[in-house]
Amino acid sequence: MNNFLFAAAENDAIANCKAGGMGDVVRDVPRQIAESGDRVHVVVPSYGRLHQGQDFITTLNFELRGLNYTAELYQVKPKKTIQNIHHYVIHHPEIEAGGIAHIYHDDPEEPFFTDAIKYFIFCTAVAEAVKQEVFGELNVIHLHDWHSSLLLFLREYHLRYENLKKIRFVYSIHNLAIQGIRPFENNYSSVRNWFPDVRYDEESLLDYRYPDCINLMAVGIRFADAVHTVSPSYKEDVMKPSDPPQFIGGEGLEKDLQQANKEERLFGILNGCNYKNVNVEEKGHIYRNTVKALFKWLQEESKKYKADFLAHTGEKIMQYVGTRPKFIVSSVARLTEQKFYFFKRSPEAFVEILQKLEKVDGIFILLGTGAPEYEELFREMSYKHKNFIFTNGQSESLIDSMYLESDLYFMPSLFEPCGISQMLSMRNGNPCLVHHTGGLIDTVKHMKTGFGFGGDKYDEKIADMLATFDLALDVFVNDKPTWKKIQANAKKARFTWQKSVDAYYSKLYQL
């Protein structure tokens, strides 16, 4: 039996520990590994809350900042108990919850200041637990994004943790744009402050743009035995330099990724999607679920500032309760530059889409929260356009209804390492219209399972987005047999975790 440790910032197998797609992967991959008969331990920080009421396992003593630190390891009850998977959290008073999903901090003055501190403590505690064989003898340690990459720094340079060298380390990149950059010296959250006695080689750790800083994303790429991007096409993208907004690629780390590829350490393996025991809302509840969500949000203190807008959305949705529109386009996403840059920079293109929809008695439903300037843009649009419904909050049942009852799912991401929304939408037989980039190239085939737009220059992309939208509408209205075929192909498409994890075993884990 092989024995794995997953170390990450998020794990959706336990309650209230997810901010994005990484949480899904850290939930699903261990389940697939356990199914093959191997054992997995999953450890995340407790963020001052996840350890409460859980089973205390042991204390971990280690040195940081020239001081003795003591952290506590707890075993946590998962949402679903699965044989051979054990979930843990590490608690220390300085590992605090941030404002983003009660996980990450957003320090506008000094990005990564608070997060670096808590993940330095977390990673050192994990190294200590591994040294003490708390998780047994390990074959593979699988790290996710920069929050856990410090384990590779400890393995390389910390004399106390040389035992980590005999374990295979795999590093998955979920979001290459967020790199965890901190100074080497002269800062409370600097490497020197936390590891005063560790002798390290700055050259091997530095950020190319800020040579007086460590780049923790780069540490993962440079020191892991295998580096993994979450789709094959994204692997090709990240080895090229970014040229925003035309193209988002290696984000300054393309040389490291090219080097990893040359050393045969870089692998692009598509994330999977869950096709078993899926929560499904009943059909026909999309408007009811919208109204329920709106009333819930209206009672939340944090949403008081947009109460007028939520009431306005409720009024809009009521007109569709009795008379269903003929065509529903939907989008579910965090409102960020990555997801909606095209609409923010070219709002006139979005208006054109709404006008095209109006001609066929169609509506556009968008669900999400995120960057204030994006929320504001879409609220303004909603007041101006009667067929644009902006549900500005989060609701699982409404999201399920949207995936179930839309006719077309719209995903105009500027870049997309893998993307899960398109898979969830296709699972329900909904064609998607996507920007052909990264994982969206690997999952949505133009005119077969959906529609894709592209172009070399920004203006070409916008023109092609509108032309492709026209094409999708034309097929829906005038060519029902082709539309039904695309729907059927989308529903049949399978991106299983079994296929992905088989590739993990042969390429990443080498087991």
# chains A, B, ... in the order shown; residues from 1 in each chain; ligands from 1

$ select_by_dssp --residues "segment 182-230 of chain A" --states "strand (DSSP E)" --output "number ranges by chain"
A: 182-183, 213-215, 226-229

$ write_last_selection --atoms "C-alpha atoms" --output "PDB file, in the first residue's frame"
ATOM      1  CA  ARG A 182       8.395  38.049   0.128  1.00  0.00           C
ATOM      2  CA  PRO A 183      11.713  39.819   0.946  1.00  0.00           C
ATOM      3  CA  CYS A 213      12.754  38.580  -2.715  1.00  0.00           C
ATOM      4  CA  ILE A 214      11.959  34.879  -2.614  1.00  0.00           C
ATOM      5  CA  ASN A 215       9.317  33.682  -5.104  1.00  0.00           C
ATOM      6  CA  ALA A 226       7.435  16.575 -10.672  1.00  0.00           C
ATOM      7  CA  VAL A 227       5.570  19.790 -11.564  1.00  0.00           C
ATOM      8  CA  HIS A 228       1.981  19.600 -12.724  1.00  0.00           C
ATOM      9  CA  THR A 229      -0.295  22.018 -14.591  1.00  0.00           C
TER      10      THR A 229
END

$ closest_residue --among "A:Tyr287, A:Phe388, A:Tyr161, A:Tyr275" --to "Ser331 of chain A" --atoms "only C-alpha atoms"
A:Phe388

$ residues_around --residues "Leu138 of chain A" --least-positions-apart "5" --cutoff "10 Å" --atoms "only C-alpha atoms" --output "number ranges by chain"
A: 2-5, 39-41, 130, 133, 164, 166-168

$ closest_residue --among "A:Leu143, A:Ala101, A:Val501, A:Val360" --to "Gln32 of chain A" --atoms "only C-alpha atoms"
A:Val501

$ atom_distance --atom1 "atom CA of Ala293 of chain A" --atom2 "atom CA of Ile103 of chain A"
23.7 Å

$ residues_around --residues "Ile57 of chain A" --least-positions-apart "4" --cutoff "8 Å" --atoms "only C-alpha atoms" --output "PyMOL selection string"
chain A and resi 72-75

$ atom_distance --atom1 "atom CA of Tyr88 of chain A" --atom2 "atom CA of Val43 of chain A"
4.7 Å

$ select_by_dssp --residues "segment 403-432 of chain A" --states "alpha helix (DSSP H)" --output "PyMOL selection string"
chain A and resi 403-405+421-427

$ residues_around --residues "segment 444-460 of chain A" --least-positions-apart "4" --cutoff "6 Å" --atoms "only C-alpha atoms" --output "NGL selection string"
:A and (246 or 431-436 or 440 or 464-465 or 486 or 489-490)

$ write_last_selection --atoms "N, CA, C and O atoms" --output "PDB file, in the first residue's frame"
ATOM      1  N   GLN A 246      -3.363  40.242 -24.701  1.00  0.00           N
ATOM      2  CA  GLN A 246      -3.416  39.329 -25.853  1.00  0.00           C
ATOM      3  C   GLN A 246      -3.298  37.879 -25.381  1.00  0.00           C
ATOM      4  O   GLN A 246      -4.002  37.004 -25.829  1.00  0.00           O
ATOM      5  N   PRO A 431     -24.394  23.144 -23.944  1.00  0.00           N
ATOM      6  CA  PRO A 431     -23.231  23.600 -24.700  1.00  0.00           C
ATOM      7  C   PRO A 431     -22.632  24.850 -24.034  1.00  0.00           C
ATOM      8  O   PRO A 431     -23.345  25.627 -23.405  1.00  0.00           O
ATOM      9  N   CYS A 432     -21.316  25.023 -24.161  1.00  0.00           N
ATOM     10  CA  CYS A 432     -20.627  26.189 -23.597  1.00  0.00           C
ATOM     11  C   CYS A 432     -20.046  27.030 -24.721  1.00  0.00           C
ATOM     12  O   CYS A 432     -19.625  26.484 -25.752  1.00  0.00           O
ATOM     13  N   LEU A 433     -20.004  28.331 -24.504  1.00  0.00           N
ATOM     14  CA  LEU A 433     -19.288  29.234 -25.405  1.00  0.00           C
ATOM     15  C   LEU A 433     -18.098  29.760 -24.617  1.00  0.00           C
ATOM     16  O   LEU A 433     -18.282  30.416 -23.590  1.00  0.00           O
ATOM     17  N   VAL A 434     -16.875  29.435 -25.065  1.00  0.00           N
ATOM     18  CA  VAL A 434     -15.681  29.721 -24.265  1.00  0.00           C
ATOM     19  C   VAL A 434     -14.613  30.419 -25.089  1.00  0.00           C
ATOM     20  O   VAL A 434     -14.573  30.298 -26.317  1.00  0.00           O
ATOM     21  N   HIS A 435     -13.728  31.127 -24.394  1.00  0.00           N
ATOM     22  CA  HIS A 435     -12.502  31.635 -25.019  1.00  0.00           C
ATOM     23  C   HIS A 435     -11.547  30.459 -25.117  1.00  0.00           C
ATOM     24  O   HIS A 435     -11.244  29.816 -24.103  1.00  0.00           O
ATOM     25  N   HIS A 436     -11.076  30.150 -26.308  1.00  0.00           N
ATOM     26  CA  HIS A 436     -10.221  28.974 -26.482  1.00  0.00           C
ATOM     27  C   HIS A 436      -8.821  29.242 -25.942  1.00  0.00           C
ATOM     28  O   HIS A 436      -7.925  29.671 -26.661  1.00  0.00           O
ATOM     29  N   LEU A 440      -9.744  25.202 -21.450  1.00  0.00           N
ATOM     30  CA  LEU A 440     -10.978  25.307 -22.238  1.00  0.00           C
ATOM     31  C   LEU A 440     -10.770  24.738 -23.647  1.00  0.00           C
ATOM     32  O   LEU A 440     -11.717  24.271 -24.276  1.00  0.00           O
ATOM     33  N   ASP A 464     -14.412  38.044 -32.723  1.00  0.00           N
ATOM     34  CA  ASP A 464     -14.719  36.619 -32.862  1.00  0.00           C
ATOM     35  C   ASP A 464     -15.705  36.153 -31.786  1.00  0.00           C
ATOM     36  O   ASP A 464     -16.532  35.273 -32.028  1.00  0.00           O
ATOM     37  N   MET A 465     -15.603  36.755 -30.578  1.00  0.00           N
ATOM     38  CA  MET A 465     -16.559  36.426 -29.509  1.00  0.00           C
ATOM     39  C   MET A 465     -17.985  36.731 -29.969  1.00  0.00           C
ATOM     40  O   MET A 465     -18.901  35.913 -29.813  1.00  0.00           O
ATOM     41  N   ILE A 486     -25.024  18.784 -30.599  1.00  0.00           N
ATOM     42  CA  ILE A 486     -24.009  19.427 -29.738  1.00  0.00           C
ATOM     43  C   ILE A 486     -24.361  19.195 -28.274  1.00  0.00           C
ATOM     44  O   ILE A 486     -23.486  18.868 -27.461  1.00  0.00           O
ATOM     45  N   ASN A 489     -23.542  15.545 -27.435  1.00  0.00           N
ATOM     46  CA  ASN A 489     -22.083  15.362 -27.343  1.00  0.00           C
ATOM     47  C   ASN A 489     -21.537  15.949 -26.045  1.00  0.00           C
ATOM     48  O   ASN A 489     -20.642  15.375 -25.415  1.00  0.00           O
ATOM     49  N   ALA A 490     -22.049  17.128 -25.661  1.00  0.00           N
ATOM     50  CA  ALA A 490     -21.602  17.767 -24.410  1.00  0.00           C
ATOM     51  C   ALA A 490     -21.922  16.862 -23.226  1.00  0.00           C
ATOM     52  O   ALA A 490     -21.093  16.662 -22.332  1.00  0.00           O
TER      53      ALA A 490
END

$ closest_atom_pairs --of "segment 94-172 of chain A" --to "segment 195-211 of chain A" --cutoff "9 Å" --atoms "only C-alpha atoms" --output "tab-separated table"
residue	atom	partner	partner_atom	distance
A:Phe153	CA	A:Leu205	CA	8.5
A:Leu154	CA	A:Val198	CA	8.9
A:Glu156	CA	A:Tyr200	CA	8.4
A:Tyr157	CA	A:Tyr200	CA	5.8
A:His158	CA	A:Val198	CA	5.9
A:Leu159	CA	A:Val198	CA	7.9

$ residues_around --residues "Phe390 of chain A" --least-positions-apart "6" --cutoff "12 Å" --atoms "only C-alpha atoms" --output "JSON, numbers by chain"
{"A": [290, 294, 309, 310, 311, 312, 313, 314, 315, 316, 317, 329, 330, 331, 332, 333, 335, 363, 364, 365, 366, 367, 368, 369, 374, 375, 376, 377, 378, 379, 380, 381, 382, 383, 384]}

$ write_last_selection --atoms "N, CA and C atoms" --output "mmCIF file, in the first residue's frame"
data_model
loop_
_atom_site.group_PDB
_atom_site.id
_atom_site.type_symbol
_atom_site.label_atom_id
_atom_site.label_comp_id
_atom_site.auth_asym_id
_atom_site.auth_seq_id
_atom_site.Cartn_x
_atom_site.Cartn_y
_atom_site.Cartn_z
ATOM 1 N N THR A 290 -33.803 31.588 -7.282
ATOM 2 C CA THR A 290 -33.262 32.949 -7.332
ATOM 3 C C THR A 290 -33.909 33.803 -6.245
ATOM 4 N N LEU A 294 -32.191 35.591 -3.015
ATOM 5 C CA LEU A 294 -32.274 37.049 -2.815
ATOM 6 C C LEU A 294 -32.785 37.392 -1.422
ATOM 7 N N PHE A 309 -30.342 47.021 -4.726
ATOM 8 C CA PHE A 309 -30.048 46.274 -5.944
ATOM 9 C C PHE A 309 -30.653 44.869 -5.888
ATOM 10 N N LEU A 310 -30.567 44.210 -4.723
ATOM 11 C CA LEU A 310 -31.116 42.856 -4.592
ATOM 12 C C LEU A 310 -32.631 42.883 -4.809
ATOM 13 N N ALA A 311 -33.280 43.918 -4.291
ATOM 14 C CA ALA A 311 -34.737 44.056 -4.478
ATOM 15 C C ALA A 311 -35.052 44.271 -5.965
ATOM 16 N N HIS A 312 -34.239 45.067 -6.623
ATOM 17 C CA HIS A 312 -34.396 45.323 -8.067
ATOM 18 C C HIS A 312 -34.267 44.010 -8.860
ATOM 19 N N THR A 313 -33.300 43.164 -8.461
ATOM 20 C CA THR A 313 -33.117 41.872 -9.133
ATOM 21 C C THR A 313 -34.340 40.979 -8.928
ATOM 22 N N GLY A 314 -34.887 40.995 -7.709
ATOM 23 C CA GLY A 314 -36.087 40.203 -7.394
ATOM 24 C C GLY A 314 -37.257 40.600 -8.276
ATOM 25 N N GLU A 315 -37.415 41.897 -8.445
ATOM 26 C CA GLU A 315 -38.514 42.413 -9.280
ATOM 27 C C GLU A 315 -38.338 41.933 -10.730
ATOM 28 N N LYS A 316 -37.095 41.978 -11.205
ATOM 29 C CA LYS A 316 -36.815 41.551 -12.581
ATOM 30 C C LYS A 316 -37.124 40.070 -12.789
ATOM 31 N N ILE A 317 -36.715 39.253 -11.800
ATOM 32 C CA ILE A 317 -36.850 37.798 -11.987
ATOM 33 C C ILE A 317 -38.324 37.387 -11.968
ATOM 34 N N VAL A 329 -28.873 32.305 -21.304
ATOM 35 C CA VAL A 329 -27.414 32.232 -21.260
ATOM 36 C C VAL A 329 -27.017 32.460 -19.808
ATOM 37 N N SER A 330 -26.081 31.678 -19.293
ATOM 38 C CA SER A 330 -25.688 31.899 -17.889
ATOM 39 C C SER A 330 -24.179 31.869 -17.730
ATOM 40 N N SER A 331 -23.737 32.429 -16.613
ATOM 41 C CA SER A 331 -22.331 32.452 -16.227
ATOM 42 C C SER A 331 -22.269 32.420 -14.713
ATOM 43 N N VAL A 332 -21.402 31.569 -14.163
ATOM 44 C CA VAL A 332 -21.180 31.496 -12.711
ATOM 45 C C VAL A 332 -19.684 31.638 -12.497
ATOM 46 N N ALA A 333 -19.249 32.682 -11.801
ATOM 47 C CA ALA A 333 -17.802 32.838 -11.606
ATOM 48 C C ALA A 333 -17.509 33.916 -10.581
ATOM 49 N N LEU A 335 -15.996 37.310 -9.760
ATOM 50 C CA LEU A 335 -15.919 38.469 -10.651
ATOM 51 C C LEU A 335 -14.518 39.075 -10.555
ATOM 52 N N ILE A 363 -32.433 35.826 -22.215
ATOM 53 C CA ILE A 363 -31.890 36.561 -21.062
ATOM 54 C C ILE A 363 -30.497 36.051 -20.737
ATOM 55 N N PHE A 364 -29.734 36.878 -20.015
ATOM 56 C CA PHE A 364 -28.394 36.516 -19.543
ATOM 57 C C PHE A 364 -28.426 36.571 -18.019
ATOM 58 N N ILE A 365 -28.147 35.428 -17.364
ATOM 59 C CA ILE A 365 -28.088 35.390 -15.895
ATOM 60 C C ILE A 365 -26.626 35.225 -15.487
ATOM 61 N N LEU A 366 -26.144 36.127 -14.644
ATOM 62 C CA LEU A 366 -24.774 36.040 -14.125
ATOM 63 C C LEU A 366 -24.838 35.936 -12.609
ATOM 64 N N LEU A 367 -24.141 34.939 -12.049
ATOM 65 C CA LEU A 367 -24.072 34.819 -10.589
ATOM 66 C C LEU A 367 -22.624 34.944 -10.155
ATOM 67 N N GLY A 368 -22.387 35.797 -9.144
ATOM 68 C CA GLY A 368 -21.035 35.883 -8.598
ATOM 69 C C GLY A 368 -20.812 37.106 -7.742
ATOM 70 N N THR A 369 -19.719 37.044 -6.982
ATOM 71 C CA THR A 369 -19.241 38.184 -6.209
ATOM 72 C C THR A 369 -17.749 38.292 -6.517
ATOM 73 N N TYR A 374 -15.814 45.234 -10.628
ATOM 74 C CA TYR A 374 -16.581 44.328 -11.494
ATOM 75 C C TYR A 374 -18.034 44.232 -11.008
ATOM 76 N N GLU A 375 -18.217 44.140 -9.689
ATOM 77 C CA GLU A 375 -19.588 44.113 -9.145
ATOM 78 C C GLU A 375 -20.341 45.373 -9.571
ATOM 79 N N GLU A 376 -19.659 46.499 -9.465
ATOM 80 C CA GLU A 376 -20.287 47.785 -9.797
ATOM 81 C C GLU A 376 -20.694 47.847 -11.271
ATOM 82 N N LEU A 377 -19.783 47.404 -12.148
ATOM 83 C CA LEU A 377 -20.063 47.397 -13.589
ATOM 84 C C LEU A 377 -21.343 46.604 -13.879
ATOM 85 N N PHE A 378 -21.434 45.391 -13.297
ATOM 86 C CA PHE A 378 -22.579 44.533 -13.606
ATOM 87 C C PHE A 378 -23.869 45.035 -12.953
ATOM 88 N N ARG A 379 -23.757 45.686 -11.791
ATOM 89 C CA ARG A 379 -24.970 46.273 -11.180
ATOM 90 C C ARG A 379 -25.514 47.391 -12.069
ATOM 91 N N GLU A 380 -24.603 48.237 -12.561
ATOM 92 C CA GLU A 380 -25.009 49.318 -13.477
ATOM 93 C C GLU A 380 -25.690 48.750 -14.716
ATOM 94 N N MET A 381 -25.085 47.706 -15.284
ATOM 95 C CA MET A 381 -25.637 47.065 -16.482
ATOM 96 C C MET A 381 -27.032 46.516 -16.224
ATOM 97 N N SER A 382 -27.212 45.955 -15.031
ATOM 98 C CA SER A 382 -28.509 45.345 -14.702
ATOM 99 C C SER A 382 -29.618 46.396 -14.638
ATOM 100 N N TYR A 383 -29.292 47.579 -14.085
ATOM 101 C CA TYR A 383 -30.286 48.662 -14.043
ATOM 102 C C TYR A 383 -30.671 49.112 -15.463
ATOM 103 N N LYS A 384 -29.706 49.017 -16.391
ATOM 104 C CA LYS A 384 -29.935 49.551 -17.744
ATOM 105 C C LYS A 384 -30.581 48.554 -18.700
#

$ closest_atom_pairs --of "segment 137-206 of chain A" --to "segment 414-423 of chain A" --cutoff "9 Å" --atoms "only C-alpha atoms" --output "JSON lines"
{"residue": "A:Ile173", "atom": "CA", "partner": "A:Pro417", "partner_atom": "CA", "distance": 8.5}
{"residue": "A:His174", "atom": "CA", "partner": "A:Pro417", "partner_atom": "CA", "distance": 6.8}
{"residue": "A:Asn175", "atom": "CA", "partner": "A:Pro417", "partner_atom": "CA", "distance": 7.2}
{"residue": "A:Leu176", "atom": "CA", "partner": "A:Pro417", "partner_atom": "CA", "distance": 8.5}

$ closest_residue --among "A:Gln487, A:Asn139, A:Ser500, A:Gln83" --to "Arg427 of chain A" --atoms "only C-alpha atoms"
A:Gln487

$ atom_distance --atom1 "atom CA of Val230 of chain A" --atom2 "atom CA of Ile399 of chain A"
23.4 Å

$ residues_around --residues "Leu466 of chain A" --least-positions-apart "5" --cutoff "9 Å" --atoms "only C-alpha atoms" --output "list in words"
Ala349, Phe350, Glu352, Ile353, Phe453, Lys461 and Leu471 of chain A

$ write_last_selection --atoms "N, CA and C atoms" --output "PDB file, in the first residue's frame"
ATOM      1  N   ALA A 349     -19.404  45.454 -26.071  1.00  0.00           N
ATOM      2  CA  ALA A 349     -19.557  44.102 -26.629  1.00  0.00           C
ATOM      3  C   ALA A 349     -20.586  43.316 -25.821  1.00  0.00           C
ATOM      4  N   PHE A 350     -20.562  43.500 -24.500  1.00  0.00           N
ATOM      5  CA  PHE A 350     -21.546  42.826 -23.650  1.00  0.00           C
ATOM      6  C   PHE A 350     -22.953  43.349 -23.950  1.00  0.00           C
ATOM      7  N   GLU A 352     -23.966  44.478 -26.765  1.00  0.00           N
ATOM      8  CA  GLU A 352     -24.338  43.892 -28.064  1.00  0.00           C
ATOM      9  C   GLU A 352     -24.892  42.477 -27.893  1.00  0.00           C
ATOM     10  N   ILE A 353     -24.257  41.717 -26.972  1.00  0.00           N
ATOM     11  CA  ILE A 353     -24.738  40.352 -26.686  1.00  0.00           C
ATOM     12  C   ILE A 353     -26.164  40.408 -26.134  1.00  0.00           C
ATOM     13  N   PHE A 453     -14.130  30.768 -29.196  1.00  0.00           N
ATOM     14  CA  PHE A 453     -13.645  31.933 -29.953  1.00  0.00           C
ATOM     15  C   PHE A 453     -12.189  32.196 -29.602  1.00  0.00           C
ATOM     16  N   LYS A 461     -10.162  39.055 -30.876  1.00  0.00           N
ATOM     17  CA  LYS A 461     -10.860  38.190 -29.920  1.00  0.00           C
ATOM     18  C   LYS A 461     -12.296  38.684 -29.690  1.00  0.00           C
ATOM     19  N   LEU A 471     -23.253  32.795 -34.130  1.00  0.00           N
ATOM     20  CA  LEU A 471     -23.297  31.421 -34.650  1.00  0.00           C
ATOM     21  C   LEU A 471     -24.114  30.523 -33.716  1.00  0.00           C
TER      22      LEU A 471
END

$ closest_residue --among "A:Phe342, A:Tyr47, A:Tyr188, A:Tyr171" --to "Glu110 of chain A" --atoms "only C-alpha atoms"
A:Tyr188

$ closest_residue --among "A:Ile141, A:Ile14, A:Val477, A:Leu404" --to "Val278 of chain A" --atoms "only C-alpha atoms"
A:Leu404
